[in-house]
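File shown: my_file-v2.pdb (PDB, C-alpha atoms).
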```pdb
ATOM      1  CA  MET A 839     -42.979 -36.179  26.049
ATOM      2  CA  ARG A 840     -41.711 -33.491  28.356
ATOM      3  CA  SER A 841     -38.291 -35.117  28.543
ATOM      4  CA  ILE A 842     -38.097 -35.162  24.735
ATOM      5  CA  ILE A 843     -38.889 -31.443  24.548
ATOM      6  CA  ILE A 844     -36.198 -30.673  27.133
ATOM      7  CA  ALA A 845     -33.672 -32.770  25.241
ATOM      8  CA  LEU A 846     -34.461 -30.967  21.982
ATOM      9  CA  ALA A 847     -34.151 -27.599  23.706
ATOM     10  CA  LEU A 848     -30.754 -28.519  25.125
ATOM     11  CA  ALA A 849     -29.562 -29.775  21.744
ATOM     12  CA  THR A 850     -30.692 -26.547  20.091
ATOM     13  CA  ALA A 851     -28.954 -24.467  22.757
ATOM     14  CA  ALA A 852     -25.765 -26.479  22.343
ATOM     15  CA  GLY A 853     -25.865 -25.976  18.573
ATOM     16  CA  SER A 854     -26.404 -22.237  19.005
ATOM     17  CA  ALA A 855     -23.482 -22.049  21.412
ATOM     18  CA  HIS A 856     -21.160 -23.377  18.705
ATOM     19  CA  ALA A 857     -22.598 -21.226  15.922
ATOM     20  CA  GLU A 858     -20.460 -18.251  14.941
ATOM     21  CA  ASN A 859     -22.047 -14.872  14.302
ATOM     22  CA  VAL A 860     -19.942 -12.779  11.932
ATOM     23  CA  THR A 861     -20.002  -9.043  11.257
ATOM     24  CA  VAL A 862     -18.317  -8.308   7.934
ATOM     25  CA  GLY A 863     -17.226  -4.725   7.434
ATOM     26  CA  LEU A 864     -16.647  -3.094   4.053
ATOM     27  CA  PHE A 865     -14.305  -0.130   3.801
ATOM     28  CA  ALA A 866     -13.092   0.133   0.229
ATOM     29  CA  PRO A 867     -13.417   3.756  -0.977
ATOM     30  CA  ALA A 868     -11.248   3.173  -4.039
ATOM     31  CA  GLU A 869     -13.413   0.377  -5.428
ATOM     32  CA  PRO A 870     -15.592   1.808  -8.216
ATOM     33  CA  PHE A 871     -19.007   0.698  -6.966
ATOM     34  CA  PRO A 872     -21.747   2.411  -8.990
ATOM     35  CA  SER A 873     -23.686   3.418  -5.851
ATOM     36  CA  THR A 874     -23.921   3.111  -2.082
ATOM     37  CA  ALA A 875     -26.735   0.599  -2.559
ATOM     38  CA  ALA A 876     -24.337  -1.660  -4.471
ATOM     39  CA  ARG A 877     -21.864  -1.516  -1.583
ATOM     40  CA  VAL A 878     -24.558  -2.385   0.946
ATOM     41  CA  ASP A 879     -25.819  -5.295  -1.151
ATOM     42  CA  LEU A 880     -22.340  -6.806  -1.524
ATOM     43  CA  ALA A 881     -21.582  -6.463   2.200
ATOM     44  CA  LYS A 882     -24.935  -8.060   3.104
ATOM     45  CA  ARG A 883     -24.474 -11.055   0.810
ATOM     46  CA  LEU A 884     -20.863 -11.571   1.839
ATOM     47  CA  GLY A 885     -21.797 -11.400   5.528
ATOM     48  CA  GLU A 886     -24.472 -14.053   5.085
ATOM     49  CA  HIS A 887     -22.139 -16.245   3.022
ATOM     50  CA  LEU A 888     -19.266 -16.158   5.534
ATOM     51  CA  GLY A 889     -21.592 -16.504   8.527
ATOM     52  CA  ALA A 890     -23.103 -19.659   7.066
ATOM     53  CA  ALA A 891     -19.618 -21.081   6.531
ATOM     54  CA  LEU A 892     -19.019 -20.861  10.290
ATOM     55  CA  GLY A 893     -22.349 -22.478  11.047
ATOM     56  CA  GLY A 894     -24.029 -19.299  12.191
ATOM     57  CA  THR A 895     -25.289 -16.005  10.845
ATOM     58  CA  GLY A 896     -23.553 -13.030   9.318
ATOM     59  CA  VAL A 897     -24.313  -9.389   8.652
ATOM     60  CA  GLY A 898     -22.572  -6.753   6.559
ATOM     61  CA  ARG A 899     -21.722  -3.173   7.505
ATOM     62  CA  VAL A 900     -20.540  -0.495   5.103
ATOM     63  CA  PHE A 901     -18.264   2.284   6.354
ATOM     64  CA  ALA A 902     -17.850   5.608   4.586
ATOM     65  CA  ARG A 903     -15.142   7.081   6.830
ATOM     66  CA  ALA A 904     -11.837   5.668   7.995
ATOM     67  CA  GLY A 905     -12.403   6.872  11.555
ATOM     68  CA  ASP A 906     -15.712   5.041  11.862
ATOM     69  CA  PHE A 907     -14.223   1.828  10.513
ATOM     70  CA  SER A 908     -11.178   2.023  12.788
ATOM     71  CA  SER A 909     -13.388   2.660  15.821
ATOM     72  CA  ALA A 910     -15.614  -0.342  15.039
ATOM     73  CA  VAL A 911     -12.560  -2.595  14.748
ATOM     74  CA  LYS A 912     -11.135  -1.405  18.076
ATOM     75  CA  LYS A 913     -14.471  -2.051  19.797
ATOM     76  CA  GLY A 914     -14.645  -5.565  18.380
ATOM     77  CA  GLU A 915     -17.780  -4.754  16.397
ATOM     78  CA  VAL A 916     -16.140  -5.942  13.179
ATOM     79  CA  THR A 917     -14.429  -9.337  13.088
ATOM     80  CA  VAL A 918     -13.932  -9.737   9.329
ATOM     81  CA  ALA A 919     -13.637  -6.991   6.732
ATOM     82  CA  VAL A 920     -13.015  -6.203   3.087
ATOM     83  CA  VAL A 921     -10.553  -3.304   3.154
ATOM     84  CA  ASP A 922      -8.598  -1.353   0.542
ATOM     85  CA  ALA A 923      -4.974  -2.487   0.616
ATOM     86  CA  THR A 924      -3.991   1.163   0.145
ATOM     87  CA  TYR A 925      -5.712   2.058   3.431
ATOM     88  CA  LEU A 926      -4.128  -0.833   5.345
ATOM     89  CA  ALA A 927      -0.696   0.081   3.979
ATOM     90  CA  GLY A 928      -0.934   3.559   5.472
ATOM     91  CA  ALA A 929      -2.862   2.768   8.657
ATOM     92  CA  GLY A 930      -1.303  -0.536   9.724
ATOM     93  CA  GLY A 931      -2.946  -2.355  12.627
ATOM     94  CA  GLY A 932      -3.373  -5.922  13.819
ATOM     95  CA  TYR A 933      -5.018  -7.969  11.106
ATOM     96  CA  THR A 934      -4.496 -11.160   9.130
ATOM     97  CA  VAL A 935      -5.018 -11.239   5.372
ATOM     98  CA  ILE A 936      -7.300 -14.128   4.407
ATOM     99  CA  ALA A 937      -7.800 -13.550   0.667
ATOM    100  CA  ALA A 938      -7.533 -10.952  -2.088
ATOM    101  CA  ALA A 939     -10.604  -9.496  -3.776
ATOM    102  CA  THR A 940     -10.720  -9.698  -7.555
ATOM    103  CA  ARG A 941     -12.252  -7.574 -10.287
ATOM    104  CA  GLY A 942     -12.366  -9.136 -13.710
ATOM    105  CA  GLY A 943     -10.364 -12.009 -12.273
ATOM    106  CA  ASP A 944      -7.419  -9.806 -11.241
ATOM    107  CA  ALA A 945      -6.372  -8.815  -7.733
ATOM    108  CA  THR A 946      -4.258  -5.849  -8.908
ATOM    109  CA  HIS A 947      -5.474  -2.874 -10.918
ATOM    110  CA  SER A 948      -3.953   0.120 -12.676
ATOM    111  CA  TRP A 949      -4.554   3.746 -11.677
ATOM    112  CA  GLN A 950      -4.638   6.916 -13.743
ATOM    113  CA  LEU A 951      -4.293  10.670 -13.434
ATOM    114  CA  VAL A 952      -7.207  12.317 -15.243
ATOM    115  CA  ALA A 953      -8.049  15.976 -15.758
ATOM    116  CA  ARG A 954     -10.129  18.594 -17.501
ATOM    117  CA  ASN A 955      -8.405  20.902 -19.977
ATOM    118  CA  ALA A 956      -5.002  19.276 -19.603
ATOM    119  CA  GLU A 957      -3.028  16.843 -21.721
ATOM    120  CA  LYS A 958       0.291  16.780 -19.877
ATOM    121  CA  ILE A 959       1.138  16.608 -16.200
ATOM    122  CA  GLY A 960       3.122  19.850 -16.505
ATOM    123  CA  GLN A 961      -0.147  21.679 -17.123
ATOM    124  CA  LEU A 962      -1.391  20.612 -13.675
ATOM    125  CA  LYS A 963       1.236  22.495 -11.684
ATOM    126  CA  GLY A 964      -0.498  24.392  -8.891
ATOM    127  CA  LYS A 965      -3.839  22.702  -9.623
ATOM    128  CA  ARG A 966      -6.257  21.011  -7.221
ATOM    129  CA  VAL A 967      -6.266  17.193  -7.296
ATOM    130  CA  ILE A 968      -8.860  14.928  -5.677
ATOM    131  CA  VAL A 969      -8.477  11.225  -4.819
ATOM    132  CA  PRO A 970     -10.568   8.523  -3.076
ATOM    133  CA  SER A 971      -9.788   8.409   0.649
ATOM    134  CA  VAL A 972      -6.899   6.304   1.916
ATOM    135  CA  GLY A 973      -7.414   7.263   5.542
ATOM    136  CA  GLY A 974      -5.688  10.650   5.687
ATOM    137  CA  ARG A 975      -2.486   9.979   3.740
ATOM    138  CA  GLU A 976      -3.729  11.067   0.339
ATOM    139  CA  THR A 977      -0.750  13.347  -0.379
ATOM    140  CA  ASP A 978       1.778  10.572   0.254
ATOM    141  CA  PHE A 979      -0.371   8.189  -1.755
ATOM    142  CA  VAL A 980      -0.434  10.414  -4.843
ATOM    143  CA  LEU A 981       3.108  11.788  -4.720
ATOM    144  CA  ASN A 982       5.002   8.759  -3.454
ATOM    145  CA  VAL A 983       3.015   5.564  -4.044
ATOM    146  CA  LEU A 984       1.719   6.446  -7.511
ATOM    147  CA  LEU A 985       4.120   9.095  -8.821
ATOM    148  CA  GLY A 986       7.212   7.617  -7.176
ATOM    149  CA  GLY A 987       8.417  10.919  -5.733
ATOM    150  CA  GLU A 988       9.156  12.254  -9.222
ATOM    151  CA  VAL A 989       7.299  15.530  -8.593
ATOM    152  CA  GLY A 990       7.892  17.871  -5.687
ATOM    153  CA  LYS A 991       5.618  18.201  -2.680
ATOM    154  CA  ASP A 992       4.590  21.673  -3.825
ATOM    155  CA  PHE A 993       3.868  20.702  -7.437
ATOM    156  CA  PHE A 994       0.102  20.437  -7.017
ATOM    157  CA  GLY A 995      -1.761  23.284  -5.357
ATOM    158  CA  LYS A 996      -3.743  20.903  -3.145
ATOM    159  CA  ILE A 997      -4.467  17.173  -2.845
ATOM    160  CA  GLU A 998      -7.790  16.374  -1.201
ATOM    161  CA  ALA A 999      -9.778  13.261  -0.326
ATOM    162  CA  ALA A1000     -13.243  12.295  -1.547
ATOM    163  CA  PRO A1001     -15.427   9.662   0.175
ATOM    164  CA  ASP A1002     -15.056   7.193  -2.712
ATOM    165  CA  THR A1003     -14.277   6.855  -6.415
ATOM    166  CA  ALA A1004     -17.802   7.767  -7.522
ATOM    167  CA  SER A1005     -17.640  10.984  -5.473
ATOM    168  CA  THR A1006     -14.194  11.754  -6.869
ATOM    169  CA  LEU A1007     -15.424  11.554 -10.452
ATOM    170  CA  ALA A1008     -18.576  13.518  -9.648
ATOM    171  CA  ALA A1009     -16.544  16.359  -8.120
ATOM    172  CA  LEU A1010     -14.251  16.422 -11.146
ATOM    173  CA  GLY A1011     -17.189  16.407 -13.529
ATOM    174  CA  LEU A1012     -18.762  19.368 -11.714
ATOM    175  CA  GLY A1013     -15.541  21.364 -11.914
ATOM    176  CA  LYS A1014     -14.824  21.203  -8.166
ATOM    177  CA  ALA A1015     -11.325  19.922  -8.905
ATOM    178  CA  ASP A1016      -8.885  20.271 -11.791
ATOM    179  CA  ALA A1017      -7.680  16.675 -11.791
ATOM    180  CA  ALA A1018      -8.258  13.353 -10.071
ATOM    181  CA  VAL A1019      -6.458  10.101  -9.345
ATOM    182  CA  VAL A1020      -8.774   7.112  -9.843
ATOM    183  CA  PRO A1021      -8.671   3.437 -10.861
ATOM    184  CA  ALA A1022      -8.125   2.937 -14.580
ATOM    185  CA  SER A1023     -11.291   0.904 -15.176
ATOM    186  CA  VAL A1024     -13.815   3.672 -14.462
ATOM    187  CA  GLU A1025     -15.982   5.604 -16.924
ATOM    188  CA  LEU A1026     -14.829   9.216 -17.044
ATOM    189  CA  PRO A1027     -17.154  12.249 -17.057
ATOM    190  CA  GLY A1028     -17.535  14.252 -20.244
ATOM    191  CA  GLY A1029     -14.587  16.489 -21.036
ATOM    192  CA  VAL A1030     -12.217  14.499 -18.805
ATOM    193  CA  THR A1031      -9.239  12.704 -20.337
ATOM    194  CA  THR A1032      -6.392  10.550 -19.085
ATOM    195  CA  VAL A1033      -3.211  12.557 -18.542
ATOM    196  CA  LEU A1034      -0.948   9.842 -17.176
ATOM    197  CA  ALA A1035      -1.148   6.071 -16.698
ATOM    198  CA  LEU A1036      -0.096   5.093 -13.155
ATOM    199  CA  PRO A1037       1.192   1.820 -11.651
ATOM    200  CA  GLN A1038      -0.850  -1.210 -10.673
ATOM    201  CA  LEU A1039      -1.711  -1.730  -7.018
ATOM    202  CA  SER A1040      -3.407  -4.465  -5.052
ATOM    203  CA  GLY A1041      -7.151  -4.037  -4.653
ATOM    204  CA  PRO A1042      -9.102  -4.783  -1.447
ATOM    205  CA  VAL A1043      -8.196  -7.726   0.761
ATOM    206  CA  LEU A1044     -10.331  -9.836   3.089
ATOM    207  CA  VAL A1045      -8.892  -9.617   6.605
ATOM    208  CA  ALA A1046      -9.663 -11.008  10.050
ATOM    209  CA  TYR A1047      -9.315  -9.114  13.314
ATOM    210  CA  GLY A1048      -9.090  -9.914  17.007
ATOM    211  CA  SER A1049     -10.506 -13.194  18.222
ATOM    212  CA  VAL A1050     -10.833 -14.995  14.873
ATOM    213  CA  THR A1051      -8.901 -18.256  15.302
ATOM    214  CA  ALA A1052      -6.608 -19.914  12.786
ATOM    215  CA  ALA A1053      -9.200 -22.646  12.181
ATOM    216  CA  GLN A1054     -11.878 -20.047  11.525
ATOM    217  CA  ARG A1055      -9.592 -18.171   9.131
ATOM    218  CA  THR A1056      -9.131 -21.361   7.153
ATOM    219  CA  GLU A1057     -12.902 -21.851   6.961
ATOM    220  CA  LEU A1058     -13.418 -18.228   5.950
ATOM    221  CA  ALA A1059     -10.793 -18.468   3.206
ATOM    222  CA  ALA A1060     -12.459 -21.554   1.780
ATOM    223  CA  ALA A1061     -15.869 -19.862   1.882
ATOM    224  CA  ALA A1062     -14.545 -16.662   0.285
ATOM    225  CA  ALA A1063     -13.219 -18.671  -2.660
ATOM    226  CA  THR A1064     -16.786 -19.760  -3.495
ATOM    227  CA  PHE A1065     -18.388 -16.327  -3.134
ATOM    228  CA  LYS A1066     -19.974 -14.846  -6.243
ATOM    229  CA  GLY A1067     -19.912 -11.076  -6.091
ATOM    230  CA  ASP A1068     -20.687  -8.377  -8.629
ATOM    231  CA  ALA A1069     -18.907  -6.421 -11.351
ATOM    232  CA  THR A1070     -16.836  -4.482  -8.819
ATOM    233  CA  ILE A1071     -15.772  -7.302  -6.502
ATOM    234  CA  GLY A1072     -16.351 -10.507  -8.390
ATOM    235  CA  GLY A1073     -14.863 -12.875  -5.836
ATOM    236  CA  PHE A1074     -11.752 -13.741  -3.855
ATOM    237  CA  LYS A1075      -8.574 -15.716  -4.327
ATOM    238  CA  GLY A1076      -5.535 -16.528  -2.225
ATOM    239  CA  GLY A1077      -3.574 -13.589  -0.903
ATOM    240  CA  ASP A1078      -1.246 -12.556   1.903
ATOM    241  CA  ALA A1079       0.089  -9.471   3.632
ATOM    242  CA  ASP A1080       2.949  -9.094   1.125
ATOM    243  CA  GLN A1081       0.549  -7.236  -1.153
ATOM    244  CA  VAL A1082      -0.073  -4.660   1.564
ATOM    245  CA  ARG A1083       3.572  -4.414   2.597
ATOM    246  CA  ALA A1084       4.589  -3.724  -1.000
ATOM    247  CA  ILE A1085       2.377  -0.624  -0.992
ATOM    248  CA  ALA A1086       3.475   0.413   2.508
ATOM    249  CA  ARG A1087       7.116   0.540   1.394
ATOM    250  CA  ARG A1088       6.192   3.036  -1.316
ATOM    251  CA  PHE A1089       4.527   5.533   1.017
ATOM    252  CA  THR A1090       7.967   6.821   1.965
ATOM    253  CA  ILE A1091      10.477   7.555  -0.780
ATOM    254  CA  PRO A1092      14.093   6.836   0.264
ATOM    255  CA  VAL A1093      16.438   9.831   0.266
ATOM    256  CA  LYS A1094      18.505   9.874  -2.901
ATOM    257  CA  ARG A1095      22.204  10.431  -2.281
ATOM    258  CA  GLY A1096      25.019  11.051  -4.734
ATOM    259  CA  PRO A1097      27.559   8.316  -5.479
ATOM    260  CA  HIS A1098      30.196   7.825  -2.803
ATOM    261  CA  ALA A1099      33.633   8.482  -4.334
ATOM    262  CA  VAL A1100      36.289   6.027  -3.143
ATOM    263  CA  PRO A1101      39.865   7.282  -3.682
ATOM    264  CA  ALA A1102      42.312   4.983  -5.462
ATOM    265  CA  VAL A1103      44.713   3.312  -3.048
ATOM    266  CA  ARG A1104      47.305   2.424  -5.706
ATOM    267  CA  LEU A1105      49.987   5.082  -5.972
ATOM    268  CA  LEU A1106      52.509   5.251  -8.792
ATOM    269  CA  VAL A1107      56.073   6.585  -8.560
ATOM    270  CA  GLY A1108      55.107   9.519 -10.746
ATOM    271  CA  ASP A1109      52.366  10.486  -8.288
ATOM    272  CA  LEU A1110      54.956  10.637  -5.492
ATOM    273  CA  VAL A1111      57.604  12.759  -7.233
ATOM    274  CA  GLU A1112      55.428  15.036  -9.358
ATOM    275  CA  GLY A1113      55.877  18.691  -8.398
ATOM    276  CA  ARG A1114      58.679  17.961  -5.954
ATOM    277  CA  THR A1115      62.434  18.754  -6.075
ATOM    278  CA  PHE A1116      64.907  16.272  -4.708
ATOM    279  CA  SER A1117      68.644  16.867  -4.036
ATOM    280  CA  ILE A1118      71.457  14.797  -2.525
ATOM    281  CA  GLU A1119      74.082  16.567  -0.472
ATOM    282  CA  ARG A1120      77.593  16.029  -1.943
ATOM    283  CA  THR A1121      80.251  14.408   0.203
ATOM    284  CA  PRO A1122      83.943  15.519  -0.261
ATOM    285  CA  VAL A1123      86.079  12.977  -2.149
ATOM    286  CA  THR A1124      88.809  13.139   0.497
ATOM    287  CA  SER A1125      86.478  11.555   2.975
ATOM    288  CA  PHE A1126      86.638   8.370   0.921
ATOM    289  CA  ALA A1127      90.603   8.278   0.841
ATOM    290  CA  ILE A1128      92.359   5.677   2.922
ATOM    291  CA  ALA A1129      94.847   7.262   5.329
ATOM    292  CA  PRO A1130      98.554   6.228   4.661
ATOM    293  CA  PRO A1131     100.015   3.807   7.163
ATOM    294  CA  ALA A1132     102.075   5.298   9.975
ATOM    295  CA  PRO A1133     105.938   5.078   9.484
ATOM    296  CA  ALA A1134     107.648   2.170  11.192
ATOM    297  CA  THR A1135     109.717   2.935  14.268
ATOM    298  CA  ARG A1136     113.028   1.438  15.005
TER
END
```

Written as structure tokens, that's how I'd like the structure from this file.
Amino acid sequence: MRSIIIALALATAAGSAHAENVTVGLFAPAEPFPSTAARVDLAKRLGEHLGAALGGTGVGRVFARAGDFSSAVKKGEVTVAVVDATYLAGAGGGYTVIAAATRGGDATHSWQLVARNAEKIGQLKGKRVIVPSVGGRETDFVLNVLLGGEVGKDFFGKIEAAPDTASTLAALGLGKADAAVVPASVELPGGVTTVLALPQLSGPVLVAYGSVTAAQRTELAAAAATFKGDATIGGFKGGDADQVRAIARRFTIPVKRGPHAVPAVRLLVGDLVEGRTFSIERTPVTSFAIAPPAPATR
């Protein structure tokens, strides 16, 4: 009997040794979750789902600040995460994209510039604009990524970050900002209207950090495809880092230069003689006469 108990204990220990414990981080300020509780619930369920796929357990952690999330990744406290592509595009780092999060079945979503007491973007000159955090590069995000560098750096009075989309809309509704840049699918506060429709961008992506092996990434991708989320992040589908790189290229607007004029290399005779005077020195006629033969001598 004792030998059986020992054998069972060893088998259990061996199984535990192969089980993978996963910590899934969630840093997606732009995603329009209705509340912090909704974020926590999604992270918890996703952590458990992905942990089970690796034969172990999983937990979810929600991060409100970019610095806290970055620190947890560097310490190895987060191995898998759902992260805004807009944040990754500006921050970079060593990660592998496993899948793309979807909302309403789509992995890309439109943005919008909204405001109180304004109908045209020209009316927002010198005004304060607020936007969900992208990790400290909010000005570049608004001016370059979304507006394509079409307005000057000094057009808006100030561009500031809010913790998330819900906070952005709340601040705008309370009159703490004149305008905001938010995803197009959100419900706007009273008195706020859309001033300008902005381009579509990739939403959050599921990424792996550090010691996650290629085999584990494959298992995680398969598990993510079967995850049933909520109205904000409904699930995941195939994705790669190209989505992030496409946004990263737009953070910096290339310098616009005038056309390079190439002079014509074909010259006509008229171009050579125009405005010039040519003359040929005359030669005396006598120089062309043939001298008479010398008289014969006898």

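For the file at hand, the PyMOL selection byres ((chain A and resi 924-936) around 6) resolves to Asp922, Ala923, Ala937, Val972, Gly973, Leu1044, Val1045, Ala1046, Tyr1047, Ala1059, Asp1078, Ala1079, Val1082, Ile1085 and Ala1086 of chain A.
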
Could you list as a count of residues only every residue that has an atom within 9 Å of (-8.3, -12.2, -5.6), using the file's coordinates and counting all atoms listed in the file? 20

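Take atom CA of A:Val900 and atom CA of A:Ala1017: the distance between them is 27.3 Å.
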
One number please: atom CA of A:Thr917 to atom CA of A:Ser1049, in Å, one decimal. 7.5 Å

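Interatomic distance, atom CA of A:Leu1034 against atom CA of A:Arg1083: 24.8 Å.
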
Using all atoms listed in the file, determine which residues lie at most 8 Å from A:Val1020, disregarding the query and same-chain residues fewer than 4 positions distant; provide the list as JSON, numbers by chain. {"A": [868, 949, 950, 951, 952, 969, 970, 1003, 1006, 1024]}

Name the residues that the PyMOL selection byres ((chain A and resi 888) around 10) picks from the file above, as a PyMOL selection string, using the file's chain letters and numbers. chain A and resi 858-862+883-887+889-897+918+1057-1062+1065

Find the smallest box with edges along x, y and z containing every listed atom of stretch 876-879 of chain A, then add 8 Å on each side and report centre and edge lengths in Å to one decimal, as JSON.
```
{"center_x": -23.8, "center_y": -3.4, "center_z": -1.8, "size_x": 20.0, "size_y": 19.8, "size_z": 21.4}
```

Evaluate the PyMOL selection byres ((chain A and resi 1011) around 10) and report residues as a PyMOL selection string: chain A and resi 953-954+1005-1010+1012-1017+1026-1030

Can I get the selected residues back with C-alpha atoms, as an mmCIF file, in the frame of the given file?
```cif
data_model
loop_
_atom_site.group_PDB
_atom_site.id
_atom_site.type_symbol
_atom_site.label_atom_id
_atom_site.label_comp_id
_atom_site.auth_asym_id
_atom_site.auth_seq_id
_atom_site.Cartn_x
_atom_site.Cartn_y
_atom_site.Cartn_z
ATOM 1 C CA ALA A 953 -8.049 15.976 -15.758
ATOM 2 C CA ARG A 954 -10.129 18.594 -17.501
ATOM 3 C CA SER A 1005 -17.640 10.984 -5.473
ATOM 4 C CA THR A 1006 -14.194 11.754 -6.869
ATOM 5 C CA LEU A 1007 -15.424 11.554 -10.452
ATOM 6 C CA ALA A 1008 -18.576 13.518 -9.648
ATOM 7 C CA ALA A 1009 -16.544 16.359 -8.120
ATOM 8 C CA LEU A 1010 -14.251 16.422 -11.146
ATOM 9 C CA LEU A 1012 -18.762 19.368 -11.714
ATOM 10 C CA GLY A 1013 -15.541 21.364 -11.914
ATOM 11 C CA LYS A 1014 -14.824 21.203 -8.166
ATOM 12 C CA ALA A 1015 -11.325 19.922 -8.905
ATOM 13 C CA ASP A 1016 -8.885 20.271 -11.791
ATOM 14 C CA ALA A 1017 -7.680 16.675 -11.791
ATOM 15 C CA LEU A 1026 -14.829 9.216 -17.044
ATOM 16 C CA PRO A 1027 -17.154 12.249 -17.057
ATOM 17 C CA GLY A 1028 -17.535 14.252 -20.244
ATOM 18 C CA GLY A 1029 -14.587 16.489 -21.036
ATOM 19 C CA VAL A 1030 -12.217 14.499 -18.805
#
```

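Nearest residue to A:Thr1032 among A:Ala1000, A:Val989, A:Ala956, A:Val1050 is A:Ala956, counting only C-alpha atoms.
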